[in-house]
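First comes the structure, then the notes that go with it.
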Amino acid sequence: MKACHRRPGTPGVGKTTLGKELASRSGLKYVNVGDLAREGQLYDGYDEEYDCPILDEDRVVDELESQMSEGGVIVDYHGCDFFPERWFHIVFVLNTDNSVLYKRLETRGYNEKKLKDNIQCEIFQILYEEALASYSEEIVHRLPSNQPEDLEDNINQIMKWIEEWIKDHSS
């Protein structure tokens, strides 16, 4: 059995950068749900207001089920309320200061409404609260993601957790 974990967080907090680097160092498989949905056209329409496709959550879960049952997967997606709790051993929520996040999202070309709503989501810690409501509180952890040094600190912390988990479950 291999550890499975996920990293929810507001767009722009560094989930993809962390996930890819973590997969590279740990040997775990990295799955970006946005890429998976795009490749498989796992959508249920288009949201004109936010200028983005609407994810078909049931099809995404169906698509991931066999990979998740094998274990050893890092899942990258901003939300988490539709993923089965049984899939994850730990959940890391990345947080970014609003001034840093605003610049990141502005650089991505987000429209004003999408930018404002994502900043408010971070201010009110909506995705952290969603993670706490979706998973056992003891497996949900917050990590800062403001500057380049945070990335290395977060990778080191998660790698230590992975090593401990493997040691504890390899009997």
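Just so we're on the same page: first chain in the structure tokens is A, next is B, and so on; residues restart at 1 for each chain, and ligands are numbered from 1 in the order they show up.
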Practice item. Name all residues at most 10 Å from range 69-77 of chain A (count only C-alpha atoms; drop same-chain ones fewer than 4 positions away) and give them as a count of residues only. Key: 37
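Every residue of range 48-156 of chain A with a DSSP assignment of strand (DSSP E), taken from the backbone, is listed as Cys52, Pro53, Ile54, Leu55, Val73, Ile74, Val75, Asp76, Ile90, Val91, Phe92, Val93, Leu94, Asn95, Val140, His141, Arg142, Leu143 and Pro144 of chain A.
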**Study point:** Among the residues A:Arg104, A:Leu94, A:Ser66, A:Tyr50, the one that comes closest to Leu151 in chain A [using only C-alpha atoms]
**Key:**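 The answer is A:Leu94, which sits nearest to Leu151 in chain A.
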Exercise for review: With a distance cut-off of 9 Å and only C-alpha atoms, select the neighbouring residues of Phe82 in chain A, excluding the residue or stretch itself and same-chain residues fewer than 2 positions from it, and output the selection as a ChimeraX atom specification.
Suggested key: /A:57-58,61,79-80,84-85,134
Check your understanding: Taking only C-alpha atoms into account, which of A:Val93, A:Ala131, A:Ile54, A:Ile166 comes nearest Ser145 in chain A?
Key ->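 Of A:Val93, A:Ala131, A:Ile54, A:Ile166, the one nearest Ser145 in chain A is A:Val93, counting only C-alpha atoms.
Shortest atom-to-atom contact with Trp161 in chain A among A:Leu115, A:Leu101, A:Ile90, A:Ile126: A:Ile90, counting only C-alpha atoms.
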Review point. Just asking: which residues within chain A are helix (DSSP H, G or I) according to DSSP, as an MDAnalysis selection string?
Key: chainID A and resid 15:26 33:40 57:70 85:87 98:107 112:123 126:134 137:139 148:168
Near Leu42 in chain A, counting only C-alpha atoms, which residues have an atom at most 8 Å away, once you skip same-chain residues fewer than 3 positions from it, shown as an mmCIF file with N, CA and C atoms, in the first residue's frame?
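Final file, out_15.cif:
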data_model
loop_
_atom_site.group_PDB
_atom_site.id
_atom_site.type_symbol
_atom_site.label_atom_id
_atom_site.label_comp_id
_atom_site.auth_asym_id
_atom_site.auth_seq_id
_atom_site.Cartn_x
_atom_site.Cartn_y
_atom_site.Cartn_z
ATOM 1 N N LEU A 36 -6.416 16.099 -16.431
ATOM 2 C CA LEU A 36 -7.169 14.867 -16.640
ATOM 3 C C LEU A 36 -8.525 15.177 -17.284
ATOM 4 N N ALA A 37 -9.202 16.202 -16.774
ATOM 5 C CA ALA A 37 -10.510 16.589 -17.305
ATOM 6 C C ALA A 37 -10.394 17.097 -18.744
ATOM 7 N N ARG A 38 -9.369 17.890 -18.999
ATOM 8 C CA ARG A 38 -9.160 18.431 -20.340
ATOM 9 C C ARG A 38 -8.896 17.300 -21.344
ATOM 10 N N GLU A 39 -8.007 16.386 -20.981
ATOM 11 C CA GLU A 39 -7.657 15.281 -21.877
ATOM 12 C C GLU A 39 -8.844 14.366 -22.138
ATOM 13 N N LEU A 55 -16.580 21.174 -14.432
ATOM 14 C CA LEU A 55 -16.101 19.815 -14.236
ATOM 15 C C LEU A 55 -17.260 18.859 -13.978
ATOM 16 N N ASP A 56 -17.243 17.698 -14.627
ATOM 17 C CA ASP A 56 -18.197 16.631 -14.341
ATOM 18 C C ASP A 56 -17.555 15.766 -13.250
ATOM 19 N N GLU A 57 -17.880 16.070 -12.005
ATOM 20 C CA GLU A 57 -17.218 15.448 -10.856
ATOM 21 C C GLU A 57 -17.385 13.933 -10.835
ATOM 22 N N ARG A 59 -17.721 11.843 -13.350
ATOM 23 C CA ARG A 59 -16.839 11.238 -14.365
ATOM 24 C C ARG A 59 -15.379 11.308 -13.936
ATOM 25 N N VAL A 60 -14.991 12.375 -13.253
ATOM 26 C CA VAL A 60 -13.618 12.486 -12.762
ATOM 27 C C VAL A 60 -13.346 11.388 -11.738
#
